[in-house]
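Peer 1: One file is attached below, start-v5.csv, containing CSV, C-alpha atoms.
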chain,number,residue,atom,x,y,z
A,1,MET,CA,0.0,0.0,0.0
A,2,ILE,CA,1.1,3.5,-0.7
A,3,ALA,CA,0.7,6.1,2.0
A,4,VAL,CA,-1.0,9.2,0.8
A,5,ASN,CA,-0.9,12.5,2.7
A,6,ILE,CA,-4.2,14.4,2.4
A,7,ASP,CA,-4.3,17.8,4.0
A,8,ILE,CA,-7.8,19.0,5.0
A,9,ASP,CA,-8.1,22.7,5.7
A,10,SER,CA,-9.9,23.3,8.9
A,11,PRO,CA,-12.2,26.4,9.0
A,12,GLN,CA,-10.4,29.4,10.4
A,13,PRO,CA,-12.1,31.2,13.3
A,14,ALA,CA,-13.7,34.6,12.3
A,15,VAL,CA,-11.6,37.4,13.5
A,16,GLN,CA,-13.4,40.7,14.4
A,17,THR,CA,-11.7,43.8,13.5
A,18,THR,CA,-11.6,46.9,15.7
A,19,GLY,CA,-14.2,48.5,13.4
A,20,ASP,CA,-16.6,45.6,13.8
A,21,MET,CA,-16.3,45.7,17.5
A,22,GLU,CA,-17.0,49.5,17.6
A,23,ILE,CA,-20.1,49.0,15.4
A,24,LYS,CA,-21.4,46.2,17.7
A,25,ALA,CA,-20.7,48.4,20.7
A,26,GLN,CA,-22.6,51.3,19.1
A,27,GLU,CA,-25.5,49.0,18.4
A,28,LEU,CA,-25.7,47.9,22.0
A,29,ARG,CA,-25.5,51.5,23.2
A,30,ASN,CA,-28.3,52.5,20.8
A,31,GLN,CA,-30.4,49.6,22.0
A,32,ALA,CA,-29.8,50.6,25.7
A,33,ARG,CA,-30.6,54.2,25.0
A,34,LYS,CA,-33.8,53.3,23.2
A,35,MET,CA,-34.9,51.0,26.0
A,36,LYS,CA,-34.2,53.8,28.5
A,37,GLU,CA,-36.2,56.3,26.4
A,38,ASP,CA,-39.1,53.9,26.1
A,39,GLU,CA,-39.1,53.4,29.8
A,40,GLU,CA,-39.0,57.1,30.5
A,41,LYS,CA,-41.9,57.6,28.1
A,42,ARG,CA,-43.9,54.9,29.8
A,43,LEU,CA,-43.2,56.4,33.3
A,44,GLU,CA,-44.1,59.9,31.9
A,45,ARG,CA,-47.4,58.5,30.6
A,46,GLU,CA,-48.2,57.0,34.0
A,47,ARG,CA,-47.3,60.2,35.8
A,48,GLU,CA,-49.5,62.2,33.5
A,49,LYS,CA,-52.3,59.7,34.0
A,50,GLU,CA,-52.0,60.0,37.8
A,51,ILE,CA,-52.0,63.8,37.6
A,52,ASN,CA,-55.1,63.8,35.4
A,53,GLU,CA,-56.8,61.4,37.7
A,54,ALA,CA,-55.9,63.6,40.7
A,55,LYS,CA,-57.1,66.7,38.9
A,56,ARG,CA,-60.4,64.9,38.0
A,57,VAL,CA,-61.0,63.8,41.6
A,58,ALA,CA,-60.2,67.3,42.9
A,59,GLU,CA,-62.5,68.9,40.4
A,60,ASP,CA,-65.2,66.4,41.1
A,61,ASN,CA,-65.0,67.1,44.9
A,62,GLU,CA,-65.1,70.9,44.2
A,63,ARG,CA,-68.1,70.5,42.0
A,64,LYS,CA,-69.9,68.4,44.7
A,65,ARG,CA,-69.2,71.0,47.3
A,66,TYR,CA,-70.3,73.7,45.0
A,67,LEU,CA,-73.6,71.9,44.2
A,68,ALA,CA,-74.2,71.2,47.9
A,69,SER,CA,-73.7,74.9,48.8
A,70,ARG,CA,-75.9,76.0,45.9
A,71,LYS,CA,-78.6,73.6,47.1
A,72,ALA,CA,-78.3,74.9,50.7
A,73,GLU,CA,-78.5,78.5,49.4
A,74,GLU,CA,-81.7,77.7,47.5
A,75,GLU,CA,-83.2,76.2,50.6
A,76,GLU,CA,-82.2,79.2,52.6
A,77,GLU,CA,-83.8,81.5,50.0
A,78,LYS,CA,-86.9,79.4,50.1
A,79,ARG,CA,-87.1,79.8,53.8
A,80,ALA,CA,-86.6,83.5,53.5
A,81,ARG,CA,-89.4,83.8,51.0
A,82,GLU,CA,-91.7,81.8,53.3
A,83,LYS,CA,-90.8,84.1,56.2
A,84,VAL,CA,-91.7,87.1,54.1
A,85,ARG,CA,-95.0,85.5,53.0
A,86,GLN,CA,-95.9,84.8,56.6
A,87,LYS,CA,-95.1,88.3,57.6
A,88,LEU,CA,-97.3,89.7,54.8
A,89,GLU,CA,-100.1,87.3,55.9
A,90,ALA,CA,-99.7,88.4,59.5
A,91,ASP,CA,-99.9,92.1,58.5
A,92,LYS,CA,-102.9,91.4,56.3
A,93,ASN,CA,-104.7,89.7,59.2
A,94,GLU,CA,-103.8,92.5,61.6
A,95,ARG,CA,-105.4,95.0,59.3
A,96,ARG,CA,-108.5,92.8,59.1
A,97,ARG,CA,-108.6,92.6,62.9
A,98,VAL,CA,-108.4,96.4,63.1
A,99,LEU,CA,-111.4,96.6,60.7
A,100,GLY,CA,-113.3,94.1,62.7
A,101,LEU,CA,-113.0,91.4,60.1
A,102,PRO,CA,-112.2,87.7,60.7
A,103,PRO,CA,-108.8,86.4,59.8
A,104,SER,CA,-108.3,85.1,56.3
A,105,ALA,CA,-108.9,81.4,55.8
A,106,SER,CA,-105.3,80.9,54.7
A,107,HIS,CA,-103.9,82.3,57.9
A,108,THR,CA,-102.1,79.7,60.0
A,109,ALA,CA,-99.8,80.4,62.9
A,110,THR,CA,-96.5,78.7,62.2
A,111,ILE,CA,-93.9,78.3,64.9
A,112,PRO,CA,-90.5,77.0,63.7
A,113,SER,CA,-89.7,73.7,65.2
A,114,ALA,CA,-86.3,72.8,66.8
A,115,HIS,CA,-85.6,70.7,63.7
A,116,ASP,CA,-86.2,73.7,61.4
A,117,LYS,CA,-83.9,75.9,63.5
A,118,LYS,CA,-81.2,73.3,63.4
A,119,ASN,CA,-81.5,73.1,59.7
A,120,TYR,CA,-81.3,76.8,59.3
A,121,VAL,CA,-78.1,77.0,61.3
A,122,SER,CA,-76.7,74.2,59.1
A,123,VAL,CA,-77.7,76.1,55.9
A,124,THR,CA,-76.1,79.3,57.2
A,125,SER,CA,-72.9,77.5,58.0
A,126,VAL,CA,-72.7,75.9,54.5
A,127,SER,CA,-73.4,79.3,52.9
A,128,LYS,CA,-70.7,81.0,55.0
A,129,ALA,CA,-68.2,78.3,54.1
A,130,GLU,CA,-68.8,78.8,50.4
A,131,GLN,CA,-68.4,82.5,50.8
A,132,LEU,CA,-65.1,82.0,52.5
A,133,ARG,CA,-64.0,79.5,49.8
A,134,GLU,CA,-65.0,81.9,47.0
A,135,CYS,CA,-63.1,84.7,48.7
A,136,LEU,CA,-59.9,82.6,48.8
A,137,ARG,CA,-60.4,81.6,45.2
A,138,THR,CA,-60.6,85.2,44.2
A,139,LEU,CA,-57.4,86.0,46.0
A,140,LYS,CA,-55.6,83.0,44.4
A,141,ARG,CA,-56.9,83.8,40.9
A,142,SER,CA,-56.2,87.6,41.2
A,143,HIS,CA,-52.6,86.9,42.0
A,144,LYS,CA,-51.9,83.7,40.1
A,145,ASP,CA,-48.6,85.0,38.8
A,146,ASP,CA,-47.3,85.5,42.3
A,147,GLU,CA,-47.6,82.2,44.1
A,148,GLY,CA,-45.2,83.3,46.9
A,149,ALA,CA,-47.6,86.2,47.8
A,150,VAL,CA,-50.6,84.0,47.7
A,151,LYS,CA,-48.9,81.4,49.9
A,152,SER,CA,-47.8,84.1,52.4
A,153,ALA,CA,-51.3,85.5,52.5
A,154,PHE,CA,-52.9,82.2,53.2
A,155,GLN,CA,-50.4,81.4,56.0
A,156,THR,CA,-50.9,84.8,57.5
A,157,LEU,CA,-54.7,84.5,57.4
A,158,LEU,CA,-54.5,81.1,59.0
A,159,VAL,CA,-52.5,82.6,61.9
A,160,TYR,CA,-55.0,85.4,62.4
A,161,VAL,CA,-58.1,83.1,62.6
A,162,GLY,CA,-56.2,80.5,64.5
A,163,ASN,CA,-55.1,83.0,67.2
A,164,VAL,CA,-58.6,84.3,67.7
A,165,ALA,CA,-60.1,80.8,67.8
A,166,LYS,CA,-57.5,79.7,70.5
A,167,ASN,CA,-57.7,83.0,72.4
A,168,PRO,CA,-61.1,84.6,71.9
A,169,ASP,CA,-60.9,86.7,75.0
A,170,SER,CA,-57.6,88.4,74.0
A,171,GLU,CA,-58.2,91.7,72.2
A,172,ASN,CA,-54.6,91.7,70.9
A,173,PHE,CA,-55.6,88.9,68.5
A,174,ARG,CA,-59.0,90.5,67.7
A,175,LYS,CA,-57.6,93.9,66.6
A,176,ILE,CA,-55.5,94.4,63.5
A,177,ARG,CA,-53.9,97.8,62.4
A,178,VAL,CA,-54.7,98.0,58.7
A,179,GLY,CA,-51.8,100.4,58.1
A,180,ASN,CA,-49.2,98.0,59.6
A,181,PRO,CA,-46.6,97.5,56.8
A,182,LEU,CA,-46.3,93.8,57.5
A,183,PHE,CA,-50.1,93.3,57.3
A,184,GLN,CA,-50.3,95.4,54.1
A,185,ASN,CA,-47.5,93.4,52.5
A,186,LYS,CA,-48.9,90.0,53.3
A,187,VAL,CA,-52.7,90.6,53.3
A,188,GLY,CA,-53.9,94.1,53.0
A,189,ARG,CA,-52.6,94.8,49.5
A,190,LEU,CA,-54.0,91.6,48.0
A,191,ARG,CA,-57.5,91.5,46.6
A,192,GLY,CA,-59.7,89.3,48.9
A,193,GLY,CA,-57.4,89.5,51.9
A,194,ILE,CA,-59.3,92.0,54.1
A,195,GLU,CA,-62.6,90.7,52.7
A,196,PHE,CA,-61.8,87.2,54.0
A,197,LEU,CA,-61.2,88.6,57.5
A,198,GLU,CA,-64.5,90.5,57.3
A,199,LEU,CA,-66.3,87.3,56.5
A,200,CYS,CA,-64.8,85.9,59.7
A,201,GLY,CA,-66.4,88.7,61.6
A,202,PHE,CA,-63.8,91.5,61.6
A,203,GLU,CA,-65.2,95.0,61.3
A,204,ARG,CA,-63.6,98.2,60.1
A,205,ILE,CA,-63.4,100.8,62.9
A,206,GLU,CA,-61.9,104.2,63.6
A,207,GLU,CA,-62.2,105.3,60.0
A,208,ASP,CA,-60.9,102.0,58.6
A,209,LYS,CA,-57.7,102.3,60.6
A,210,TYR,CA,-58.3,99.0,62.3
A,211,LEU,CA,-60.0,95.6,61.8
A,212,PHE,CA,-61.7,94.6,65.0
A,213,LEU,CA,-63.6,91.4,65.9
A,214,PRO,CA,-65.9,92.1,68.9
A,215,ARG,CA,-65.9,89.5,71.6
A,216,ASP,CA,-69.6,88.9,71.4
A,217,LYS,CA,-69.3,88.3,67.6
A,218,VAL,CA,-66.6,85.7,67.8
A,219,ASN,CA,-68.1,82.6,66.1
A,220,LEU,CA,-65.8,79.6,66.6
A,221,ALA,CA,-67.7,77.6,64.0
A,222,VAL,CA,-67.0,80.2,61.3
A,223,LEU,CA,-63.3,80.6,62.4
A,224,ASN,CA,-62.8,76.8,62.3
A,225,SER,CA,-64.5,76.7,58.9
A,226,ALA,CA,-62.2,79.5,57.7
A,227,GLY,CA,-59.1,77.6,58.9
A,228,LEU,CA,-60.3,74.5,57.0
A,229,GLN,CA,-60.9,76.5,53.8
A,230,ILE,CA,-57.4,78.1,54.0
A,231,LYS,CA,-55.7,74.7,54.5
A,232,SER,CA,-57.7,73.3,51.5
A,233,ALA,CA,-56.6,76.3,49.4
A,234,MET,CA,-53.0,75.7,50.4
A,235,SER,CA,-52.9,72.0,49.8
A,236,ASN,CA,-55.2,71.6,46.7
A,237,PRO,CA,-53.5,72.7,43.5
A,238,PHE,CA,-56.9,72.8,41.7
A,239,PHE,CA,-58.6,74.9,44.4
A,240,ALA,CA,-59.1,78.0,42.2
A,241,LEU,CA,-60.4,76.0,39.1
A,242,LEU,CA,-64.1,76.1,40.0
A,243,SER,CA,-66.2,79.1,41.1
A,244,HIS,CA,-69.6,80.5,40.9
A,245,PRO,CA,-70.8,81.0,37.3
Translate the structure of the given file into structure tokens.
Peer 2:
Amino acid sequence: MIAVNIDIDSPQPAVQTTGDMEIKAQELRNQARKMKEDEEKRLEREREKEINEAKRVAEDNERKRYLASRKAEEEEEKRAREKVRQKLEADKNERRRVLGLPPSASHTATIPSAHDKKNYVSVTSVSKAEQLRECLRTLKRSHKDDEGAVKSAFQTLLVYVGNVAKNPDSENFRKIRVGNPLFQNKVGRLRGGIEFLELCGFERIEEDKYLFLPRDKVNLAVLNSAGLQIKSAMSNPFFALLSHP
């Protein structure tokens, strides 16, 4: 037998050049960047969705409070009309009595029940709360380009009503000098600032030099409601969105 040498070429391993490696690395970087961008977009969509939901809930709550206050005001107006009607009826029957005529058939003596009085107080409280809320909305909308001033005004008003609520017998907390530079800078110069204090019971005295809340006119329910409205205005970013039409 004759020995035959047969050389079989084995495949050579592929050798990557520096250029190929750079291209591959760039592709990986591009993929990583795209994945990061996609993730950021997803998170941004979720954040936007959460913000929109929070806004919707806040607007819905404001709308419910507004509708409740309007309903309460309508009931209060209805009671006022009924009171006027009863007064007119009483005057009519008094004139008939003077003339010697019998009372009209429609005349009925109506004495408000304890339940009616309780409802009236409740209606009045709701109406006052809405007035306070609307006053704060006006302040916030009127100075929407100066958030710092609005925040400072809310904080100062909260201190005023809080001090009176905690110390109703102290005249120092129930009397404010309108010309005080600090008061003017934080509250007096802003539209709605003094009006809010007046809704809380403060009155202008001594030719408008002072705001004064008489001891017998201190209403803790109103002051507490005022404090709640201020805190809501400070914490709710959508506080000024809804208002009376």
Peer 1: With all atoms listed in the file as the counted atoms, please give the residues lying no more than 9 Å from stretch 194-201 of chain A, apart from itself and same-chain residues fewer than 3 positions off, as a PyMOL selection string.
Peer 2: chain A and resi 128+131-132+135-136+157+160-161+178+187-191+204+211-214+217-219+222-223+226
Peer 1: I need the residues from that last selection saved to file as a compact mmCIF listing (two decimals), in the coordinates of the input (with C-alpha atoms), if you can.
Peer 2:
# COMPACT_ATOMS: atom_id res chain seq x y z
CA LYS A 128 -70.70 81.00 55.00
CA GLN A 131 -68.40 82.50 50.80
CA LEU A 132 -65.10 82.00 52.50
CA CYS A 135 -63.10 84.70 48.70
CA LEU A 136 -59.90 82.60 48.80
CA LEU A 157 -54.70 84.50 57.40
CA TYR A 160 -55.00 85.40 62.40
CA VAL A 161 -58.10 83.10 62.60
CA VAL A 178 -54.70 98.00 58.70
CA VAL A 187 -52.70 90.60 53.30
CA GLY A 188 -53.90 94.10 53.00
CA ARG A 189 -52.60 94.80 49.50
CA LEU A 190 -54.00 91.60 48.00
CA ARG A 191 -57.50 91.50 46.60
CA ARG A 204 -63.60 98.20 60.10
CA LEU A 211 -60.00 95.60 61.80
CA PHE A 212 -61.70 94.60 65.00
CA LEU A 213 -63.60 91.40 65.90
CA PRO A 214 -65.90 92.10 68.90
CA LYS A 217 -69.30 88.30 67.60
CA VAL A 218 -66.60 85.70 67.80
CA ASN A 219 -68.10 82.60 66.10
CA VAL A 222 -67.00 80.20 61.30
CA LEU A 223 -63.30 80.60 62.40
CA ALA A 226 -62.20 79.50 57.70
Peer 1: Find, counting only C-alpha atoms, the residue in A:Glu39, A:Glu74, A:Glu134, A:Asp91 that gets nearest to A:Gly192.
Peer 2: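 Looking only at the distances to A:Gly192, the closest residue turns out to be A:Glu134.
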Peer 1: Using only C-alpha atoms, which of A:Ser232, A:Gln86, A:Arg137, A:Lys92 sits nearest A:Gly193?
Peer 2: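 The answer is A:Arg137, which sits nearest to A:Gly193.
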Peer 1: To one decimal place, how far is atom CA of A:Arg174 from atom CA of A:Glu203 in Å?
Peer 2: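 Result for atom CA of A:Arg174 versus atom CA of A:Glu203: 10.0 Å, one decimal.
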Peer 1: Figure out the distance between atom CA of A:Ser127 and atom CA of A:Leu139, please, to one decimal in Å.
Peer 2: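 Between these atoms lies a distance of 18.7 Å.
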